[in-house]
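Heads up, structure_20.txt below (compact mmCIF, N, CA and C atoms and all ligand atoms):
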# COMPACT_ATOMS: atom_id res chain seq x y z
N MET A 145 0.84 -1.19 0.00
CA MET A 145 0.00 0.00 0.00
C MET A 145 0.88 1.25 0.00
N GLU A 146 0.65 2.08 -0.97
CA GLU A 146 1.43 3.31 -1.10
C GLU A 146 0.50 4.50 -1.03
N THR A 147 1.00 5.60 -0.57
CA THR A 147 0.17 6.80 -0.61
C THR A 147 0.87 7.89 -1.41
N ALA A 148 0.09 8.72 -2.01
CA ALA A 148 0.60 9.86 -2.76
C ALA A 148 -0.41 10.97 -2.60
N VAL A 149 -0.08 12.11 -3.10
CA VAL A 149 -1.02 13.23 -3.03
C VAL A 149 -1.40 13.63 -4.44
N TYR A 150 -2.70 13.78 -4.63
CA TYR A 150 -3.19 14.22 -5.93
C TYR A 150 -3.83 15.59 -5.77
N CYS A 151 -3.45 16.49 -6.64
CA CYS A 151 -4.06 17.83 -6.61
C CYS A 151 -4.89 17.99 -7.86
N CYS A 152 -6.19 18.15 -7.67
CA CYS A 152 -7.10 18.38 -8.78
C CYS A 152 -6.91 19.80 -9.30
N PRO A 153 -7.09 19.99 -10.61
CA PRO A 153 -6.97 21.36 -11.14
C PRO A 153 -7.90 22.36 -10.46
N CYS A 154 -8.99 21.89 -9.85
CA CYS A 154 -9.92 22.81 -9.18
C CYS A 154 -9.37 23.29 -7.85
N GLY A 155 -8.30 22.65 -7.35
CA GLY A 155 -7.70 23.09 -6.09
C GLY A 155 -7.89 22.11 -4.95
N ALA A 156 -8.72 21.09 -5.16
CA ALA A 156 -8.91 20.08 -4.12
C ALA A 156 -7.66 19.20 -4.04
N GLN A 157 -7.39 18.73 -2.84
CA GLN A 157 -6.22 17.89 -2.65
C GLN A 157 -6.63 16.57 -2.02
N TYR A 158 -6.11 15.49 -2.56
CA TYR A 158 -6.47 14.16 -2.08
C TYR A 158 -5.23 13.39 -1.67
N ARG A 159 -5.43 12.54 -0.69
CA ARG A 159 -4.43 11.54 -0.38
C ARG A 159 -4.85 10.30 -1.16
N VAL A 160 -3.94 9.73 -1.91
CA VAL A 160 -4.26 8.61 -2.77
C VAL A 160 -3.60 7.35 -2.22
N VAL A 161 -4.41 6.32 -2.03
CA VAL A 161 -3.90 5.04 -1.55
C VAL A 161 -4.06 4.02 -2.65
N ARG A 162 -2.98 3.30 -2.97
CA ARG A 162 -3.04 2.26 -3.99
C ARG A 162 -3.25 0.91 -3.31
N GLN A 163 -4.20 0.15 -3.83
CA GLN A 163 -4.43 -1.18 -3.30
C GLN A 163 -4.49 -2.17 -4.44
N GLU A 164 -3.80 -3.29 -4.27
CA GLU A 164 -3.85 -4.33 -5.29
C GLU A 164 -5.27 -4.86 -5.40
N ALA A 165 -5.72 -5.06 -6.65
CA ALA A 165 -7.08 -5.53 -6.87
C ALA A 165 -7.12 -6.30 -8.17
N PRO A 166 -8.08 -7.23 -8.28
CA PRO A 166 -8.21 -7.98 -9.53
C PRO A 166 -8.52 -7.04 -10.69
N PRO A 167 -8.08 -7.40 -11.92
CA PRO A 167 -8.21 -6.48 -13.05
C PRO A 167 -9.64 -6.12 -13.41
N ASP A 168 -10.61 -6.94 -12.99
CA ASP A 168 -11.99 -6.63 -13.36
C ASP A 168 -12.62 -5.61 -12.42
N GLN A 169 -11.90 -5.28 -11.37
CA GLN A 169 -12.45 -4.33 -10.40
C GLN A 169 -12.12 -2.91 -10.82
N HIS A 170 -13.11 -2.23 -11.31
CA HIS A 170 -12.89 -0.87 -11.76
C HIS A 170 -14.05 0.01 -11.32
N LYS A 171 -13.70 1.11 -10.71
CA LYS A 171 -14.71 1.98 -10.16
C LYS A 171 -14.49 3.38 -10.70
N LYS A 172 -15.59 4.02 -11.08
CA LYS A 172 -15.45 5.41 -11.53
C LYS A 172 -15.38 6.31 -10.31
N ILE A 173 -14.43 7.20 -10.33
CA ILE A 173 -14.25 8.12 -9.22
C ILE A 173 -14.33 9.55 -9.76
N ALA A 174 -15.03 10.39 -9.04
CA ALA A 174 -15.12 11.78 -9.45
C ALA A 174 -14.68 12.68 -8.31
N CYS A 175 -14.10 13.79 -8.68
CA CYS A 175 -13.67 14.78 -7.69
C CYS A 175 -14.89 15.25 -6.92
N LEU A 176 -14.77 15.31 -5.58
CA LEU A 176 -15.90 15.72 -4.75
C LEU A 176 -16.19 17.20 -4.89
N SER A 177 -15.26 17.95 -5.43
CA SER A 177 -15.47 19.39 -5.53
C SER A 177 -15.95 19.82 -6.91
N CYS A 178 -15.29 19.32 -7.97
CA CYS A 178 -15.66 19.80 -9.31
C CYS A 178 -16.26 18.69 -10.17
N ASN A 179 -16.36 17.48 -9.62
CA ASN A 179 -16.95 16.35 -10.32
C ASN A 179 -16.15 15.88 -11.54
N ASP A 180 -14.93 16.35 -11.67
CA ASP A 180 -14.04 15.90 -12.73
C ASP A 180 -13.70 14.43 -12.45
N SER A 181 -13.48 13.65 -13.50
CA SER A 181 -13.20 12.24 -13.26
C SER A 181 -11.75 12.03 -12.84
N LEU A 182 -11.58 11.15 -11.86
CA LEU A 182 -10.25 10.82 -11.36
C LEU A 182 -9.90 9.41 -11.80
N GLU A 183 -8.62 9.15 -11.96
CA GLU A 183 -8.15 7.83 -12.37
C GLU A 183 -8.53 6.80 -11.32
N GLY A 184 -9.21 5.73 -11.73
CA GLY A 184 -9.64 4.72 -10.77
C GLY A 184 -8.66 3.57 -10.61
N ARG A 185 -7.80 3.38 -11.61
CA ARG A 185 -6.83 2.29 -11.55
C ARG A 185 -5.46 2.77 -11.99
N GLU A 186 -4.46 2.07 -11.52
CA GLU A 186 -3.11 2.30 -12.00
C GLU A 186 -2.44 0.93 -12.06
N GLY A 187 -2.42 0.34 -13.26
CA GLY A 187 -1.87 -1.01 -13.40
C GLY A 187 -2.67 -2.01 -12.61
N LYS A 188 -2.01 -2.73 -11.71
CA LYS A 188 -2.72 -3.75 -10.93
C LYS A 188 -3.33 -3.18 -9.66
N PHE A 189 -3.24 -1.87 -9.50
CA PHE A 189 -3.77 -1.25 -8.29
C PHE A 189 -5.07 -0.50 -8.56
N VAL A 190 -5.94 -0.48 -7.56
CA VAL A 190 -7.04 0.47 -7.60
C VAL A 190 -6.62 1.66 -6.74
N LEU A 191 -7.11 2.82 -7.11
CA LEU A 191 -6.75 4.03 -6.38
C LEU A 191 -7.92 4.48 -5.52
N LYS A 192 -7.61 4.79 -4.28
CA LYS A 192 -8.64 5.32 -3.39
C LYS A 192 -8.26 6.73 -3.01
N TYR A 193 -9.23 7.62 -3.07
CA TYR A 193 -8.97 9.04 -2.82
C TYR A 193 -9.61 9.48 -1.52
N PHE A 194 -8.83 10.16 -0.72
CA PHE A 194 -9.35 10.74 0.51
C PHE A 194 -9.08 12.23 0.47
N ARG A 195 -10.13 13.00 0.44
CA ARG A 195 -9.93 14.44 0.30
C ARG A 195 -9.34 15.02 1.57
N VAL A 196 -8.27 15.76 1.43
CA VAL A 196 -7.65 16.42 2.58
C VAL A 196 -7.85 17.92 2.52
N LYS A 197 -8.22 18.44 1.37
CA LYS A 197 -8.35 19.89 1.26
C LYS A 197 -9.35 20.24 0.17
N ARG A 198 -10.28 21.13 0.50
CA ARG A 198 -11.20 21.65 -0.50
C ARG A 198 -10.52 22.82 -1.20
N PRO A 199 -11.03 23.18 -2.38
CA PRO A 199 -10.44 24.34 -3.05
C PRO A 199 -10.50 25.58 -2.16
N GLY A 200 -9.39 26.27 -2.04
CA GLY A 200 -9.35 27.51 -1.28
C GLY A 200 -9.37 27.33 0.22
N GLU A 201 -9.25 26.10 0.69
CA GLU A 201 -9.31 25.81 2.12
C GLU A 201 -7.91 25.49 2.64
N GLU A 202 -7.66 25.89 3.86
CA GLU A 202 -6.41 25.52 4.49
C GLU A 202 -6.49 24.06 4.92
N LEU A 203 -5.34 23.46 5.12
CA LEU A 203 -5.33 22.09 5.60
C LEU A 203 -6.03 22.00 6.95
N PRO A 204 -6.86 20.96 7.16
CA PRO A 204 -7.70 20.89 8.37
C PRO A 204 -6.91 20.93 9.68
N PHE A 205 -5.69 20.42 9.66
CA PHE A 205 -4.93 20.36 10.90
C PHE A 205 -4.23 21.68 11.21
N LYS A 206 -4.34 22.62 10.28
CA LYS A 206 -3.71 23.92 10.48
C LYS A 206 -4.83 24.90 10.83
N LEU A 207 -5.05 25.11 12.10
CA LEU A 207 -6.18 25.91 12.54
C LEU A 207 -5.92 27.40 12.42
N THR A 208 -6.81 28.07 11.74
CA THR A 208 -6.70 29.52 11.62
C THR A 208 -8.01 30.16 12.07
N HIS A 209 -7.91 31.31 12.67
CA HIS A 209 -9.10 31.99 13.15
C HIS A 209 -9.16 33.41 12.62
ZN ZN B 1 -11.64 18.87 -8.71
Translate this file's structure into structure tokens.
Amino acid sequence: METAVYCCPCGAQYRVVRQEAPPDQHKKIACLSCNDSLEGREGKFVLKYFRVKRPGEELPFKLTH
């Protein structure tokens, strides 16, 4: 299992986790912010996206008031 960060052109940021999966397992994934399609597979891996940042938003763990 590997993680990477994906930045959507709309400004949303995702943590991407790769998981090995059978080749028939394919899921359509869309950006939660702009609904743009995200890559669902990479070779023998399926990609899972966890949004860490919305467009124009600071990282959640960095508290600003
Ligand atoms: Zn987006």
Give as a PDB file with N, CA and C atoms, in the frame of the given file the residues surrounding ligand ZN 1 (chain B) up to a distance of 8 Å, considering all atoms listed in the file.
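Heads up, here's the output in pocket-v9.pdb:
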ATOM      1  N   CYS A 151      -3.450  16.490  -6.640  1.00  0.00           N
ATOM      2  CA  CYS A 151      -4.060  17.830  -6.610  1.00  0.00           C
ATOM      3  C   CYS A 151      -4.890  17.990  -7.860  1.00  0.00           C
ATOM      4  N   CYS A 152      -6.190  18.150  -7.670  1.00  0.00           N
ATOM      5  CA  CYS A 152      -7.100  18.380  -8.780  1.00  0.00           C
ATOM      6  C   CYS A 152      -6.910  19.800  -9.300  1.00  0.00           C
ATOM      7  N   PRO A 153      -7.090  19.990 -10.610  1.00  0.00           N
ATOM      8  CA  PRO A 153      -6.970  21.360 -11.140  1.00  0.00           C
ATOM      9  C   PRO A 153      -7.900  22.360 -10.460  1.00  0.00           C
ATOM     10  N   CYS A 154      -8.990  21.890  -9.850  1.00  0.00           N
ATOM     11  CA  CYS A 154      -9.920  22.810  -9.180  1.00  0.00           C
ATOM     12  C   CYS A 154      -9.370  23.290  -7.850  1.00  0.00           C
ATOM     13  N   GLY A 155      -8.300  22.650  -7.350  1.00  0.00           N
ATOM     14  CA  GLY A 155      -7.700  23.090  -6.090  1.00  0.00           C
ATOM     15  C   GLY A 155      -7.890  22.110  -4.950  1.00  0.00           C
ATOM     16  N   ALA A 156      -8.720  21.090  -5.160  1.00  0.00           N
ATOM     17  CA  ALA A 156      -8.910  20.080  -4.120  1.00  0.00           C
ATOM     18  C   ALA A 156      -7.660  19.200  -4.040  1.00  0.00           C
ATOM     19  N   GLN A 157      -7.390  18.730  -2.840  1.00  0.00           N
ATOM     20  CA  GLN A 157      -6.220  17.890  -2.650  1.00  0.00           C
ATOM     21  C   GLN A 157      -6.630  16.570  -2.020  1.00  0.00           C
ATOM     22  N   ALA A 174     -15.030  10.390  -9.040  1.00  0.00           N
ATOM     23  CA  ALA A 174     -15.120  11.780  -9.450  1.00  0.00           C
ATOM     24  C   ALA A 174     -14.680  12.680  -8.310  1.00  0.00           C
ATOM     25  N   CYS A 175     -14.100  13.790  -8.680  1.00  0.00           N
ATOM     26  CA  CYS A 175     -13.670  14.780  -7.690  1.00  0.00           C
ATOM     27  C   CYS A 175     -14.890  15.250  -6.920  1.00  0.00           C
ATOM     28  N   LEU A 176     -14.770  15.310  -5.580  1.00  0.00           N
ATOM     29  CA  LEU A 176     -15.900  15.720  -4.750  1.00  0.00           C
ATOM     30  C   LEU A 176     -16.190  17.200  -4.890  1.00  0.00           C
ATOM     31  N   SER A 177     -15.260  17.950  -5.430  1.00  0.00           N
ATOM     32  CA  SER A 177     -15.470  19.390  -5.530  1.00  0.00           C
ATOM     33  C   SER A 177     -15.950  19.820  -6.910  1.00  0.00           C
ATOM     34  N   CYS A 178     -15.290  19.320  -7.970  1.00  0.00           N
ATOM     35  CA  CYS A 178     -15.660  19.800  -9.310  1.00  0.00           C
ATOM     36  C   CYS A 178     -16.260  18.690 -10.170  1.00  0.00           C
ATOM     37  N   ASN A 179     -16.360  17.480  -9.620  1.00  0.00           N
ATOM     38  CA  ASN A 179     -16.950  16.350 -10.320  1.00  0.00           C
ATOM     39  C   ASN A 179     -16.150  15.880 -11.540  1.00  0.00           C
ATOM     40  N   ASP A 180     -14.930  16.350 -11.670  1.00  0.00           N
ATOM     41  CA  ASP A 180     -14.040  15.900 -12.730  1.00  0.00           C
ATOM     42  C   ASP A 180     -13.700  14.430 -12.450  1.00  0.00           C
ATOM     43  N   SER A 181     -13.480  13.650 -13.500  1.00  0.00           N
ATOM     44  CA  SER A 181     -13.200  12.240 -13.260  1.00  0.00           C
ATOM     45  C   SER A 181     -11.750  12.030 -12.840  1.00  0.00           C
ATOM     46  N   PRO A 199     -11.030  23.180  -2.380  1.00  0.00           N
ATOM     47  CA  PRO A 199     -10.440  24.340  -3.050  1.00  0.00           C
ATOM     48  C   PRO A 199     -10.500  25.580  -2.160  1.00  0.00           C
TER      49      PRO A 199
END
**Message:** Quick check, in Å to one decimal: how far apart do CA of Asp168 (chain A) and CA of Val196 (chain A) lie?
**Reply:**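 Calculated distance between CA of Asp168 (chain A) and CA of Val196 (chain A) is 28.4 Å.
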**Prompt:** Which polymer residues have any atom within 8 Å of an atom of Val161 (chain A), counting only N, CA and C atoms, with same-chain residues fewer than 5 positions away left out, as a ChimeraX atom specification?
**Reply:** /A:145-149,189-194
Selected residues written out, N, CA and C atoms, as a short mmCIF file (atom, residue, chain, number, x, y, z; two decimals), in the frame of the given file:
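In the end it all went to again-v7.cif:
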data_model
loop_
_atom_site.label_atom_id
_atom_site.label_comp_id
_atom_site.auth_asym_id
_atom_site.auth_seq_id
_atom_site.Cartn_x
_atom_site.Cartn_y
_atom_site.Cartn_z
N MET A 145 0.84 -1.19 0.00
CA MET A 145 0.00 0.00 0.00
C MET A 145 0.88 1.25 0.00
N GLU A 146 0.65 2.08 -0.97
CA GLU A 146 1.43 3.31 -1.10
C GLU A 146 0.50 4.50 -1.03
N THR A 147 1.00 5.60 -0.57
CA THR A 147 0.17 6.80 -0.61
C THR A 147 0.87 7.89 -1.41
N ALA A 148 0.09 8.72 -2.01
CA ALA A 148 0.60 9.86 -2.76
C ALA A 148 -0.41 10.97 -2.60
N VAL A 149 -0.08 12.11 -3.10
CA VAL A 149 -1.02 13.23 -3.03
C VAL A 149 -1.40 13.63 -4.44
N PHE A 189 -3.24 -1.87 -9.50
CA PHE A 189 -3.77 -1.25 -8.29
C PHE A 189 -5.07 -0.50 -8.56
N VAL A 190 -5.94 -0.48 -7.56
CA VAL A 190 -7.04 0.47 -7.60
C VAL A 190 -6.62 1.66 -6.74
N LEU A 191 -7.11 2.82 -7.11
CA LEU A 191 -6.75 4.03 -6.38
C LEU A 191 -7.92 4.48 -5.52
N LYS A 192 -7.61 4.79 -4.28
CA LYS A 192 -8.64 5.32 -3.39
C LYS A 192 -8.26 6.73 -3.01
N TYR A 193 -9.23 7.62 -3.07
CA TYR A 193 -8.97 9.04 -2.82
C TYR A 193 -9.61 9.48 -1.52
N PHE A 194 -8.83 10.16 -0.72
CA PHE A 194 -9.35 10.74 0.51
C PHE A 194 -9.08 12.23 0.47
#
Return as lines of an AutoDock Vina configuration file the centre and edge lengths, in Å with one decimal, of the box along x, y and z that encloses every atom of region 148-158 of chain A in the file, padded by 6 Å per side.
center_x = -4.7
center_y = 16.0
center_z = -6.4
size_x = 22.5
size_y = 26.6
size_z = 21.5
**Prompt:** Please, what distance in Å, to one decimal, runs between CA of Glu183 (chain A) and CA of Glu202 (chain A)?
**Reply:**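 Distance reported for this atom pair: 24.5 Å.
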**Request:** Give me every strand (DSSP E) residue in chain A, going by DSSP on the backbone, as number ranges by chain.
**Result:** A: 146-151, 157-164, 173-174, 181-182, 185-186, 189-197
**Request:** Go ahead and compute the interatomic distance for atom N of Lys172 (chain A) and atom N of Lys197 (chain A), in Å to one decimal.
**Result:**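 Here the two named atoms are 20.4 Å from each other.
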**Message:** Measuring between only N, CA and C atoms, which one of A:Leu182, A:Lys188, A:His170, A:Arg195 shows the shortest distance to Tyr158 (chain A)?
**Reply:**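 Among the listed residues, A:Arg195 lies closest to Tyr158 (chain A).
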